Structures are given as structure tokens and as C-alpha cells.
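Asks: So here's my_file31.cif, just mmCIF, C-alpha atoms:
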```
data_my_file
#
loop_
_atom_site.label_atom_id
_atom_site.label_comp_id
_atom_site.auth_asym_id
_atom_site.auth_seq_id
_atom_site.Cartn_x
_atom_site.Cartn_y
_atom_site.Cartn_z
CA MET A 1 20.95 -6.30 -0.86
CA ARG A 2 18.90 -3.98 -3.08
CA VAL A 3 19.34 -0.30 -2.30
CA VAL A 4 17.38 2.73 -3.51
CA HIS A 5 19.07 6.12 -3.16
CA TYR A 6 17.71 9.69 -3.12
CA LEU A 7 19.79 12.65 -4.31
CA ASN A 8 19.11 16.33 -4.99
CA GLN A 9 19.80 18.04 -8.31
CA PHE A 10 23.34 18.92 -7.35
CA PHE A 11 24.57 15.51 -6.20
CA GLY A 12 22.41 13.86 -8.85
CA GLY A 13 24.44 15.67 -11.52
CA LEU A 14 21.65 17.80 -13.01
CA GLY A 15 23.24 21.09 -12.02
CA ALA A 16 23.28 23.78 -9.35
CA GLU A 17 20.62 26.18 -8.13
CA GLU A 18 19.19 26.79 -11.60
CA PHE A 19 17.97 23.16 -11.53
CA ALA A 20 16.38 23.46 -8.06
CA GLY A 21 12.94 23.32 -9.67
CA ALA A 22 13.63 20.01 -11.42
CA THR A 23 10.86 17.43 -11.19
CA PRO A 24 11.88 13.94 -10.00
CA GLU A 25 13.80 11.62 -12.31
CA VAL A 26 14.24 7.92 -11.69
CA ARG A 27 17.55 6.47 -12.90
CA GLU A 28 18.61 2.86 -13.08
CA GLY A 29 21.61 2.06 -10.91
CA ALA A 30 23.87 4.28 -8.82
CA VAL A 31 24.51 7.97 -9.52
CA GLY A 32 27.28 10.21 -8.11
CA PRO A 33 27.82 9.47 -4.40
CA GLY A 34 25.67 6.37 -4.87
CA ARG A 35 28.64 4.61 -6.53
CA LEU A 36 30.78 5.14 -3.46
CA LEU A 37 27.87 4.10 -1.25
CA GLU A 38 27.52 0.85 -3.17
CA GLN A 39 31.23 0.16 -2.81
CA LEU A 40 31.21 0.92 0.94
CA LEU A 41 28.17 -1.27 1.55
CA GLY A 42 30.33 -4.07 0.24
CA GLU A 43 29.84 -7.41 -1.44
CA GLY A 44 26.30 -8.12 -2.59
CA ALA A 45 25.03 -4.57 -2.27
CA LYS A 46 23.58 -2.95 -5.36
CA VAL A 47 22.06 0.49 -5.80
CA VAL A 48 19.28 -0.53 -8.13
CA LYS A 49 17.59 2.84 -8.51
CA THR A 50 18.31 6.49 -7.82
CA VAL A 51 15.64 9.15 -7.50
CA VAL A 52 16.87 12.67 -8.24
CA ALA A 53 14.79 15.81 -7.62
CA GLY A 54 15.43 19.55 -7.42
CA ASP A 55 15.46 21.01 -3.90
CA ASN A 56 12.71 23.56 -4.51
CA TYR A 57 10.48 21.05 -6.23
CA ALA A 58 11.09 18.63 -3.35
CA VAL A 59 10.17 20.91 -0.44
CA GLU A 60 7.21 22.38 -2.29
CA ASN A 61 5.86 18.92 -3.16
CA LEU A 62 6.95 16.79 -0.22
CA ASP A 63 3.90 14.56 -0.20
CA ALA A 64 4.03 13.86 -3.92
CA LEU A 65 7.77 13.22 -3.77
CA ALA A 66 7.39 10.87 -0.80
CA ALA A 67 4.62 8.96 -2.58
CA LEU A 68 6.75 8.60 -5.71
CA VAL A 69 9.77 7.42 -3.74
CA VAL A 70 7.71 4.88 -1.80
CA LYS A 71 6.30 3.55 -5.07
CA GLU A 72 9.75 3.27 -6.66
CA VAL A 73 11.26 1.54 -3.62
CA ARG A 74 8.36 -0.89 -3.50
CA GLU A 75 8.63 -1.70 -7.22
CA ALA A 76 12.40 -2.10 -6.95
CA GLY A 77 11.99 -4.55 -4.08
CA GLY A 78 14.35 -2.42 -2.02
CA ASP A 79 15.84 -3.77 1.21
CA LEU A 80 17.40 -0.46 2.21
CA PHE A 81 16.72 3.20 1.46
CA VAL A 82 19.42 5.86 1.67
CA ALA A 83 19.08 9.62 1.16
CA GLY A 84 21.96 12.04 0.82
CA PRO A 85 24.10 12.80 2.80
CA CYS A 86 22.86 16.38 2.74
CA PHE A 87 25.43 18.21 4.92
CA GLN A 88 24.09 21.72 5.69
CA ALA A 89 21.80 21.94 2.63
CA GLY A 90 18.52 22.75 4.34
CA ARG A 91 15.99 21.99 1.62
CA TYR A 92 17.84 18.80 0.72
CA GLY A 93 17.78 17.75 4.39
CA VAL A 94 14.07 18.43 4.80
CA ALA A 95 13.32 16.43 1.64
CA ALA A 96 15.63 13.57 2.62
CA GLY A 97 14.02 13.38 6.07
CA ALA A 98 10.52 13.32 4.59
CA VAL A 99 11.25 10.58 2.05
CA CYS A 100 13.15 8.44 4.59
CA ALA A 101 10.30 8.74 7.09
CA ALA A 102 7.74 7.81 4.42
CA VAL A 103 9.69 4.76 3.23
CA GLN A 104 10.26 3.55 6.78
CA ARG A 105 6.61 4.04 7.68
CA GLU A 106 5.03 2.64 4.50
CA LEU A 107 7.42 -0.19 3.68
CA GLY A 108 8.99 -1.07 7.03
CA ILE A 109 12.53 -1.21 5.64
CA PRO A 110 15.46 0.67 7.18
CA ALA A 111 16.21 4.19 5.94
CA VAL A 112 19.40 6.09 6.65
CA THR A 113 20.40 9.65 5.85
CA GLY A 114 23.13 12.11 6.86
CA MET A 115 23.01 15.83 7.72
CA GLY A 116 24.92 18.53 9.57
CA LEU A 117 23.68 19.74 12.95
CA GLU A 118 22.27 23.03 11.67
CA ASN A 119 20.28 21.37 8.91
CA PRO A 120 16.57 21.92 9.73
CA GLY A 121 15.96 18.31 8.66
CA VAL A 122 17.74 17.21 11.85
CA ASP A 123 15.28 18.89 14.18
CA LEU A 124 12.33 17.76 12.09
CA TYR A 125 13.25 14.09 11.75
CA ARG A 126 15.83 13.08 14.39
CA ARG A 127 13.16 11.47 16.54
CA ASP A 128 12.05 9.15 13.75
CA LEU A 129 15.19 8.46 11.75
CA TYR A 130 18.80 7.48 11.94
CA ILE A 131 20.49 10.66 10.74
CA VAL A 132 24.27 10.35 10.65
CA ASP A 133 26.09 13.54 11.68
CA SER A 134 27.77 14.55 8.42
CA GLY A 135 29.25 17.80 9.64
CA GLY A 136 29.24 20.66 7.15
CA SER A 137 31.99 19.69 4.75
CA VAL A 138 31.29 17.78 1.57
CA ALA A 139 34.97 16.77 1.63
CA ALA A 140 34.02 14.23 4.33
CA MET A 141 31.77 12.37 1.85
CA ARG A 142 33.62 9.05 2.06
CA GLU A 143 33.77 9.01 5.85
CA VAL A 144 30.10 10.00 6.19
CA LEU A 145 28.97 7.39 3.67
CA SER A 146 30.99 4.69 5.41
CA ARG A 147 29.31 5.50 8.75
CA MET A 148 25.92 5.46 7.01
CA ALA A 149 26.79 2.10 5.44
CA ALA A 150 27.89 0.63 8.79
CA LEU A 151 24.68 1.77 10.45
CA ALA A 152 22.61 0.41 7.55
CA HIS A 153 24.24 -3.02 7.93
CA LYS A 154 23.40 -3.09 11.63
CA LEU A 155 19.80 -2.06 10.98
CA LEU A 156 19.38 -4.66 8.24
CA SER A 157 20.78 -7.48 10.35
CA LYS A 158 18.80 -6.23 13.34
CA GLN A 159 21.91 -5.89 15.47
CA GLU A 160 21.75 -3.70 18.52
CA ILE A 161 22.45 -0.07 17.64
CA GLY A 162 24.97 1.61 19.92
CA SER A 163 24.64 5.04 21.47
CA PRO A 164 24.56 8.15 19.27
CA ALA A 165 28.15 8.93 20.29
CA GLU A 166 29.38 5.44 19.32
CA GLU A 167 27.56 5.23 16.00
CA GLY A 168 27.71 8.90 15.00
CA TYR A 169 24.00 9.62 14.56
CA PHE A 170 21.84 12.33 16.10
CA ALA A 171 20.21 11.28 19.37
CA HIS A 172 16.53 10.46 19.04
CA GLY A 173 15.88 12.06 22.40
CA LEU A 174 15.06 8.74 24.03
CA LEU A 175 16.49 7.28 27.21
CA ARG A 176 17.34 3.59 27.11
CA ASP A 177 17.78 1.33 30.11
CA ALA A 178 21.25 -0.12 30.42
CA PHE A 179 23.08 -2.27 32.95
CA VAL A 180 26.13 -0.54 34.41
CA ASP A 181 28.69 -1.50 37.04
CA LYS A 182 28.54 1.66 39.10
CA THR A 183 25.73 3.42 40.92
CA ALA A 184 24.57 6.88 39.90
CA ALA A 185 26.33 8.35 42.96
CA GLU A 186 29.65 6.79 41.98
CA ARG A 187 29.32 7.91 38.37
CA LEU A 188 28.42 11.42 39.48
CA VAL A 189 31.41 11.72 41.80
CA GLU A 190 33.70 10.47 39.04
CA MET A 191 32.31 13.03 36.62
CA VAL A 192 32.68 15.88 39.11
CA TYR A 193 36.24 14.75 39.81
CA ALA A 194 37.01 14.57 36.10
CA LYS A 195 35.53 18.00 35.54
CA ALA A 196 37.49 19.53 38.43
CA THR A 197 40.78 18.03 37.27
CA GLY A 198 40.21 18.81 33.61
CA ALA A 199 39.97 15.14 32.60
CA PRO A 200 37.58 14.11 29.81
CA TYR A 201 34.13 12.83 30.78
CA GLU A 202 30.80 12.33 29.08
CA SER A 203 27.57 13.60 30.63
CA GLU A 204 24.68 11.15 30.63
CA LEU A 205 22.21 13.91 29.90
CA THR A 206 22.86 16.41 27.15
CA PRO A 207 21.26 19.77 27.86
CA THR A 208 18.97 21.07 25.15
CA VAL A 209 20.47 23.89 23.14
CA PHE A 210 18.54 26.81 21.78
CA PRO A 211 20.27 28.34 18.78
CA ALA A 212 20.18 32.14 18.67
CA ILE A 213 17.24 33.45 16.67
CA PRO A 214 17.93 36.53 14.55
CA ALA A 215 15.46 39.25 15.55
CA PRO A 216 13.02 40.18 12.81
CA PRO A 217 13.45 43.84 11.79
CA PRO A 218 11.28 46.41 13.56
CA ILE A 219 7.95 47.50 12.11
CA ALA A 220 8.60 50.72 10.20
CA ASP A 221 5.05 52.06 10.30
CA LEU A 222 2.71 50.53 12.85
CA SER A 223 -0.25 52.48 11.47
CA ARG A 224 0.03 50.44 8.26
CA ALA A 225 0.87 47.10 9.82
CA ARG A 226 -1.38 44.07 9.93
CA ILE A 227 -1.19 42.61 13.43
CA ALA A 228 -2.30 39.09 14.30
CA ILE A 229 -2.99 37.61 17.70
CA VAL A 230 -1.38 34.24 18.42
CA THR A 231 -1.76 32.53 21.75
CA ASP A 232 -0.66 29.35 23.50
CA THR A 233 -3.22 29.82 26.26
CA GLY A 234 -5.61 27.35 24.60
CA VAL A 235 -8.49 29.76 23.88
CA VAL A 236 -10.75 28.04 21.33
CA PRO A 237 -14.33 28.49 20.12
CA LYS A 238 -16.92 26.64 22.18
CA GLY A 239 -16.81 22.93 21.32
CA ASN A 240 -13.06 23.07 20.49
CA PRO A 241 -13.64 22.41 16.74
CA ASP A 242 -10.02 21.41 16.02
CA LYS A 243 -9.83 19.20 19.12
CA ILE A 244 -6.70 20.92 20.38
CA ALA A 245 -5.44 18.77 23.25
CA PRO A 246 -5.03 20.48 26.65
CA ILE A 247 -1.67 18.71 27.14
CA ALA A 248 1.06 18.19 24.52
CA ALA A 249 -1.10 19.61 21.72
CA THR A 250 -0.14 18.44 18.26
CA ASN A 251 -2.12 21.01 16.31
CA TRP A 252 -3.28 24.61 16.25
CA GLY A 253 -6.39 26.41 15.05
CA SER A 254 -7.14 29.67 13.29
CA TYR A 255 -10.42 31.38 14.18
CA ASP A 256 -12.39 34.15 12.52
CA ILE A 257 -12.78 37.41 14.46
CA SER A 258 -13.70 39.70 11.57
CA GLY A 259 -16.25 42.27 12.69
CA VAL A 260 -15.92 41.20 16.34
CA ASP A 261 -15.16 44.00 18.83
CA ASP A 262 -15.07 42.01 22.03
CA LEU A 263 -14.75 38.30 22.82
CA ARG A 264 -17.49 36.92 25.04
CA GLY A 265 -16.91 34.11 27.49
CA GLU A 266 -19.98 32.19 26.36
CA ASP A 267 -18.54 31.80 22.83
CA PHE A 268 -15.17 30.34 23.87
CA GLU A 269 -13.56 27.75 26.07
CA VAL A 270 -9.99 27.05 27.15
CA SER A 271 -8.15 23.82 26.34
CA HIS A 272 -5.08 24.00 28.59
CA ARG A 273 -4.23 21.87 31.61
CA GLY A 274 -1.36 24.04 32.86
CA TYR A 275 -2.96 27.06 34.54
CA ASP A 276 -6.17 28.10 36.27
CA THR A 277 -8.27 28.91 33.25
CA ARG A 278 -11.25 30.50 35.05
CA TYR A 279 -10.28 34.12 34.36
CA VAL A 280 -9.64 33.62 30.67
CA THR A 281 -12.78 31.53 30.33
CA GLU A 282 -14.73 34.38 31.92
CA ASP A 283 -13.25 36.97 29.55
CA PRO A 284 -11.16 35.62 26.63
CA ASP A 285 -9.86 39.15 25.90
CA ARG A 286 -7.50 38.52 28.82
CA ALA A 287 -5.53 36.21 26.51
CA VAL A 288 -6.84 37.16 23.06
CA PRO A 289 -7.09 40.96 23.36
CA VAL A 290 -9.52 41.62 20.53
CA ASP A 291 -11.28 44.43 22.42
CA ALA A 292 -8.18 46.58 22.93
CA LEU A 293 -6.64 45.81 19.54
CA ARG A 294 -9.92 46.68 17.78
CA GLU A 295 -9.83 50.09 19.50
CA PHE A 296 -6.23 50.61 18.42
CA GLU A 297 -7.27 49.71 14.89
CA LYS A 298 -10.14 52.23 14.91
CA GLN A 299 -7.81 54.92 16.27
CA GLY A 300 -5.29 54.18 13.52
CA VAL A 301 -2.57 53.13 15.98
CA ILE A 302 -2.28 49.86 14.07
CA GLY A 303 -3.19 49.37 10.43
CA LYS A 304 -5.35 46.30 10.76
CA LEU A 305 -6.20 43.62 13.28
CA HIS A 306 -5.84 40.37 11.31
CA ASP A 307 -9.19 38.67 10.69
CA ARG A 308 -8.15 35.43 12.37
CA PHE A 309 -6.42 34.65 15.61
CA VAL A 310 -4.30 31.54 16.04
CA SER A 311 -4.42 29.36 19.11
CA THR A 312 -2.78 26.27 20.52
CA SER A 313 -2.08 24.92 23.98
CA GLY A 314 1.46 25.35 25.28
CA MET A 315 1.64 22.65 27.92
CA VAL A 316 4.40 19.98 28.38
CA ASN A 317 4.94 19.92 24.67
CA PRO A 318 8.05 18.18 23.30
CA LEU A 319 10.37 20.76 21.82
CA ALA A 320 10.39 19.23 18.36
CA ASN A 321 6.62 19.39 18.32
CA SER A 322 6.50 23.00 19.50
CA ARG A 323 8.99 23.96 16.83
CA ARG A 324 6.86 22.33 14.16
CA LEU A 325 3.74 24.14 15.38
CA GLY A 326 5.65 27.44 15.38
CA ARG A 327 6.93 26.90 11.86
CA GLU A 328 3.49 26.02 10.56
CA ILE A 329 1.85 29.03 12.23
CA ALA A 330 4.54 31.43 11.00
CA GLN A 331 4.24 30.14 7.47
CA ARG A 332 0.45 30.51 7.44
CA LEU A 333 0.58 34.04 8.83
CA LYS A 334 3.19 35.05 6.29
CA GLU A 335 1.00 33.72 3.50
CA GLU A 336 -1.90 35.73 4.90
CA GLY A 337 0.13 38.95 4.78
CA VAL A 338 0.59 39.48 8.53
CA ASP A 339 3.35 41.97 9.42
CA ALA A 340 3.65 41.34 13.15
CA VAL A 341 2.27 39.14 15.88
CA VAL A 342 1.29 39.75 19.48
CA LEU A 343 1.85 36.33 21.01
CA VAL A 344 0.07 36.01 24.33
CA SER A 345 1.52 33.23 26.44
CA ALA A 346 0.47 31.96 29.84
CA MET B 1 6.53 32.62 31.57
CA VAL B 2 9.27 35.13 30.84
CA PRO B 3 12.18 32.80 31.75
CA VAL B 4 10.95 30.26 29.22
CA ALA B 5 10.57 32.94 26.56
CA LYS B 6 14.15 34.05 27.30
CA MET B 7 15.49 30.50 27.30
CA VAL B 8 14.12 29.73 23.86
CA GLY B 9 15.51 32.99 22.49
CA ALA B 10 12.40 35.13 21.93
CA ASN B 11 13.53 38.60 20.84
CA ARG B 12 10.81 40.91 22.13
CA ILE B 13 9.39 39.99 25.52
CA ILE B 14 6.86 42.02 27.53
CA GLN B 15 5.90 40.86 31.02
CA GLY B 16 2.17 40.16 31.21
CA ASN B 17 0.01 40.37 34.30
CA GLY B 18 0.30 36.82 35.52
CA ILE B 19 -0.04 33.40 34.04
CA VAL B 20 -3.78 33.12 34.65
CA HIS B 21 -4.56 36.30 32.70
CA PRO B 22 -1.54 37.68 30.89
CA LEU B 23 -3.55 40.59 29.49
CA GLY B 24 -6.11 40.98 32.27
CA ALA B 25 -6.57 41.49 35.99
CA ALA B 26 -9.51 39.77 37.66
CA ASP B 27 -9.24 42.00 40.74
CA LEU B 28 -9.57 45.32 38.90
CA PRO B 29 -12.79 47.09 37.86
CA PRO B 30 -13.48 46.48 34.14
CA ALA B 31 -12.41 49.96 32.99
CA GLU B 32 -9.08 49.73 34.80
CA GLU B 33 -8.54 46.20 33.61
CA LYS B 34 -9.00 47.29 30.02
CA GLU B 35 -6.56 50.17 30.54
CA LEU B 36 -3.99 47.66 31.82
CA ARG B 37 -4.54 45.60 28.67
CA ARG B 38 -4.00 48.69 26.51
CA ARG B 39 -0.84 49.58 28.43
CA ILE B 40 0.73 46.13 27.94
CA LEU B 41 -0.18 46.14 24.25
CA ARG B 42 1.34 49.64 23.81
CA GLU B 43 4.55 48.26 25.32
CA ALA B 44 4.40 45.41 22.82
CA PHE B 45 3.93 47.93 19.96
CA GLU B 46 6.99 49.86 21.16
CA ALA B 47 9.03 46.66 21.19
CA LEU B 48 7.82 45.82 17.69
CA GLN B 49 9.05 49.20 16.43
CA LYS B 50 12.51 48.90 17.98
CA ASP B 51 15.52 47.00 16.75
CA ALA B 52 15.73 43.98 19.00
CA GLY B 53 19.24 42.88 17.93
CA GLU B 54 20.49 39.36 18.39
CA THR B 55 19.65 37.24 21.37
CA ASP B 56 22.51 35.80 23.37
#
```
Any chance you could put this one into C-alpha cells?
Replies:
Amino acid sequence: MRVVHYLNQFFGGLGAEEFAGATPEVREGAVGPGRLLEQLLGEGAKVVKTVVAGDNYAVENLDALAALVVKEVREAGGDLFVAGPCFQAGRYGVAAGAVCAAVQRELGIPAVTGMGLENPGVDLYRRDLYIVDSGGSVAAMREVLSRMAALAHKLLSKQEIGSPAEEGYFAHGLLRDAFVDKTAAERLVEMVYAKATGAPYESELTPTVFPAIPAPPPIADLSRARIAIVTDTGVVPKGNPDKIAPIAATNWGSYDISGVDDLRGEDFEVSHRGYDTRYVTEDPDRAVPVDALREFEKQGVIGKLHDRFVSTSGMVNPLANSRRLGREIAQRLKEEGVDAVVLVSA
Amino acid sequence: MVPVAKMVGANRIIQGNGIVHPLGAADLPPAEEKELRRRILREAFEALQKDAGETD
């Protein structure tokens, strides 16, 4: 079994944060945790190549890094790709997720990585990848690598993969049919009984958790602030140039309103299947309040109405997708120098 | 939808005037409707200038 491994600058032995900008290096054989990985994968497994890159370089050049890794894995004739484990290192996790997803997609070989729950790579890639729950402590390296190795063996031999709880990976968010001995009513009563008597039980549906979001600091001087309008009401220019879907949208658009004092119904349409869109179609200011904000700008209440408003459609959208859209929009607005957002939601 | 905004942990939430026109009111004369829009936006500005703390 030929294995290619991805590591960041720290685990790859280049150094700490001062090497975070390091461009990718390709080494022959196993490096650092790769040696233990090779040992745990057992007889016949060989880490033939290790790609090492700095965390900042990696997240700032994800596409280039992924292309390089895919090329190296292809040339090495890799049967398996492993990245990390990354524990709670966020940039490392995002990079590991991206390269694993690319290898899996382009080469069709199994890819396995490991991360802690709070690693943003988990949310971004758990639907597509087997991400072993590494916890936050690097001291668990051996245990985490052995679970990654066990999962890799099962994937390679196309054995059935057990539940997330059994195998120790993050749930993909999929429901799988299974034959069971007891009806739902019986299982439910048993769970209620277990709960009431303090006995252990495992729910069949895990509720989604929403981690607390630290509040951004208040605007110190509104009369100098650049305010942008963002909306999930689906208001788009006539013709819907970005083809934003009215249900489960996968993209967002940014539209020029410089010099516009009032949005007119004839210039816009609404791509949203979740509410009666007649009123917003008639007057888009009801969701994208350019008219009122332009007045506030002229009066000096706000510093500047941002030249572009951002729109998408917030309708039965998977959470992971919504989070991605939010991240992308926030990043763009930050780059454009926006200080605050009025987000109008239906 | 305010409950959804609360569930996902939004920090500064202002109630709009209904799902079909969060910043409008189809049943009001245009001048009054625009005043309603200004009022909701002023509330949003106030929220933006206050410390919103942590969500729970």
C-alpha cells in the first residue's frame, strides 16, 4: 500500500509560526507523525511521499496546494492519502480538508484526516470526508493515528464503515437505512425509560449545535461608518445574472447601487420560494432599503452606503452551505472596507 | 424570522415588519411606509452602536 501524507510546517519539522508562510516541499518517505502512521498501518504500508506546507501559505493558496498534492499523489501511484491529524489548528484543518477533498475527487482514492470538533475544517468538510475526531490534545497522536489507520484499511478494502460513534469520525449528516429488531415506538419508550432512570442511552438523532458567536464590537462613530446591505430575501437584478436558486441557493451575488437613490420594481426580481414575494417585487426597498439608507447618508447619520448590496436566497439551505455563504460574504465585505452590515432577512 | 436568528446566535436582532416585507408595509401610504423603514433602520443603527455581549 502506497501512502502519501500531508503535514503543516510544524508537524513537518520546518518550525513554528515563523514558518507559516513556507511554500510546499515534497519529501521522499515518511516525516514526523508519518513514521508512526506507517507503523500503525502495518505490514506492506509505505509512506512514499510527504508534502509539507506552511499554514498561511496553504490557506491563501488552497487551489494551488490542492493541485500540487493531486499531482504528487498521482505521480507516486498512491493508494491512500492521509492529512494531519490537525487537532484544533484551524488553518491546518482547512488545508487538510481541501487537499483530502481534491485527492478524493480527482483520483478516486480514499483520503482520511483528523481534527478536533472546533476546527473550522470539520464544518467545511465533514460532509465529504472521513474526519476522525482527534480531540484537542496532541498527546493523543498515537491513538488518533491508529483510528485513522483502521478507518483507512476499511475504506481501502471497501468494508462497510460503521456509525460515526463506532468508528470515531464526524457524522456526515446523512441518515442510513438499517435493519433493527425493535420498532421506533419500542426504542423510544426504552430511551425515555433510560433517561428517566439515569441509565445511558444514545439518541438516534443528534440535535444541531450552534456555537456561541462573539459579538463584534459596537460601531464607535456611525457618521464615519461604511454600511452595506446584505439580504437573504433573494432580491436580484432583472434576469437573475448569477442564477441564484430560489431554494437551497449555493451562491450569492453583489450588485452595484452607486448613485442609486431608490430601487425600482421594474429593475429587480426576487428568487426565493419561501415567502410571498409580491410586495418586495413591487418595491425592492422593502428588503433592500436603499432609499432610506441613501437619505441617512445624505444627512450624515451614516458615513457611506456601500456601493454594492449582497443578496442570496435563504430557503431550506443546509447549514454547512449557509455557513459557507456567510463566510464568503463576510470576507468579501471586509476586503471592501465595510464597517457594518444591515442584514435584511425574510 | 427572529427565532431562527436567535437560534443561530445572531447578536443584534431587530424585528422587521413581517416576512413578506421586513422593511415595508404594503397597507400603509407610501410616506408612512418609508417612515416605518427609517424607524426600523434607526433601531438597527442603535443596536450597531451598543455592546451586544455574548450570545447564550
Asks: Please identify all polymer residues lying at most 7 Å from the point (23.1, -5.4, -3.7) (file coordinates), using all atoms listed in the file, and present the result as a list in words.
Replies: Met1, Arg2, Val3, Gly44, Ala45, Lys46 and Val47 of chain A
Asks: Written as a PDB file with C-alpha atoms, in the coordinates of the input, what is the full residue list that the PyMOL selection byres ((chain A) within 6 of (chain B)) yields on the file shown?
Replies:
```pdb
ATOM      1  CA  PHE A 210      18.540  26.810  21.780  1.00  0.00           C
ATOM      2  CA  ALA A 212      20.180  32.140  18.670  1.00  0.00           C
ATOM      3  CA  PRO A 214      17.930  36.530  14.550  1.00  0.00           C
ATOM      4  CA  ALA A 215      15.460  39.250  15.550  1.00  0.00           C
ATOM      5  CA  PRO A 218      11.280  46.410  13.560  1.00  0.00           C
ATOM      6  CA  ILE A 219       7.950  47.500  12.110  1.00  0.00           C
ATOM      7  CA  ASP A 276      -6.170  28.100  36.270  1.00  0.00           C
ATOM      8  CA  ARG A 286      -7.500  38.520  28.820  1.00  0.00           C
ATOM      9  CA  ALA A 287      -5.530  36.210  26.510  1.00  0.00           C
ATOM     10  CA  ALA A 292      -8.180  46.580  22.930  1.00  0.00           C
ATOM     11  CA  ALA A 346       0.470  31.960  29.840  1.00  0.00           C
TER      12      ALA A 346
END
```
Asks: Can you tell me which residues surround range 322-338 of chain A at a distance of at most 8 Å, considering all atoms listed in the file, apart from same-chain residues fewer than 4 positions away, and format the answer as a PyMOL selection string?
Replies: chain A and resi 124+225-228+250-252+306+310+317-318
Asks: One decimal, Å: what's the distance from CA of Cys86 in chain A over to CA of Thr113 in chain A, could you say?
Replies: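 Computing it gives 7.8 Å between the two atoms.
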Asks: Quick one: pull the distance between CA of Lys243 in chain A and CA of Thr312 in chain A, Å, one decimal.
Replies: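 Those two atoms sit 10.1 Å apart.
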Asks: Show which residues sit within 12 Å of Pro120 in chain A, as a VMD selection string. Count all atoms listed in the file, and ignore same-chain residues fewer than 2 positions away.
Replies: chain A and resid 86 to 98 115 to 118 122 to 126 131 211 320 323 to 324 327
Asks: Would you please work out which residue, of A:Gly135, A:Pro246, A:Pro110, A:Gly84, is nearest to Leu155 in chain A when using all atoms listed in the file?
Replies: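 Closest to Leu155 in chain A of all the choices is A:Pro110.
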Asks: With only C-alpha atoms as the counted atoms, please give the residues lying no more than 12 Å from Glu72 in chain A, apart from itself and same-chain residues fewer than 5 positions off, as a list of chain:residue names.
Replies: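 That gives A:Val3, A:Val4, A:His5, A:Tyr6, A:Pro24, A:Glu25, A:Val26, A:Arg27, A:Glu28, A:Val48, A:Lys49, A:Thr50, A:Val51, A:Val52, A:Leu65, A:Ala66, A:Ala67, A:Gly77, A:Gly78, A:Phe81, A:Val99, A:Val103, A:Leu107.
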Asks: Output the selection as a tab-separated table (two decimals), keeping the file's coordinate frame - C-alpha atoms for each residue.
Replies:
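Written file, result-v2.tsv:
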```
chain	number	residue	atom	x	y	z
A	3	VAL	CA	19.34	-0.30	-2.30
A	4	VAL	CA	17.38	2.73	-3.51
A	5	HIS	CA	19.07	6.12	-3.16
A	6	TYR	CA	17.71	9.69	-3.12
A	24	PRO	CA	11.88	13.94	-10.00
A	25	GLU	CA	13.80	11.62	-12.31
A	26	VAL	CA	14.24	7.92	-11.69
A	27	ARG	CA	17.55	6.47	-12.90
A	28	GLU	CA	18.61	2.86	-13.08
A	48	VAL	CA	19.28	-0.53	-8.13
A	49	LYS	CA	17.59	2.84	-8.51
A	50	THR	CA	18.31	6.49	-7.82
A	51	VAL	CA	15.64	9.15	-7.50
A	52	VAL	CA	16.87	12.67	-8.24
A	65	LEU	CA	7.77	13.22	-3.77
A	66	ALA	CA	7.39	10.87	-0.80
A	67	ALA	CA	4.62	8.96	-2.58
A	77	GLY	CA	11.99	-4.55	-4.08
A	78	GLY	CA	14.35	-2.42	-2.02
A	81	PHE	CA	16.72	3.20	1.46
A	99	VAL	CA	11.25	10.58	2.05
A	103	VAL	CA	9.69	4.76	3.23
A	107	LEU	CA	7.42	-0.19	3.68
```
Asks: What does the distance from CA of Ala53 in chain A to CA of Ala83 in chain A come to in Å, to one decimal?
Replies: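 Between CA of Ala53 in chain A and CA of Ala83 in chain A the gap is 11.6 Å.
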Asks: Would you kindly return, as an mmCIF file with C-alpha atoms, in the frame of the given file, each protein, DNA or RNA residue with an atom no farther than 8 Å from any atom of Pro85 in chain A, considering only C-alpha atoms and excluding same-chain residues fewer than 3 positions away?
Replies:
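Done, and the output landed in result.cif:
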```
data_model
loop_
_atom_site.group_PDB
_atom_site.id
_atom_site.type_symbol
_atom_site.label_atom_id
_atom_site.label_comp_id
_atom_site.auth_asym_id
_atom_site.auth_seq_id
_atom_site.Cartn_x
_atom_site.Cartn_y
_atom_site.Cartn_z
ATOM 1 C CA THR A 113 20.400 9.650 5.850
ATOM 2 C CA GLY A 114 23.130 12.110 6.860
ATOM 3 C CA MET A 115 23.010 15.830 7.720
ATOM 4 C CA SER A 134 27.770 14.550 8.420
ATOM 5 C CA MET A 141 31.770 12.370 1.850
ATOM 6 C CA VAL A 144 30.100 10.000 6.190
ATOM 7 C CA LEU A 145 28.970 7.390 3.670
#
```
Asks: Env of Val290 in chain A: 8 Å cut, atoms = all atoms listed in the file, seq-sep filter 2 positions within chain, self excluded. Answer as a PyMOL selection string.
Replies: chain A and resi 260-263+285+288+292-294
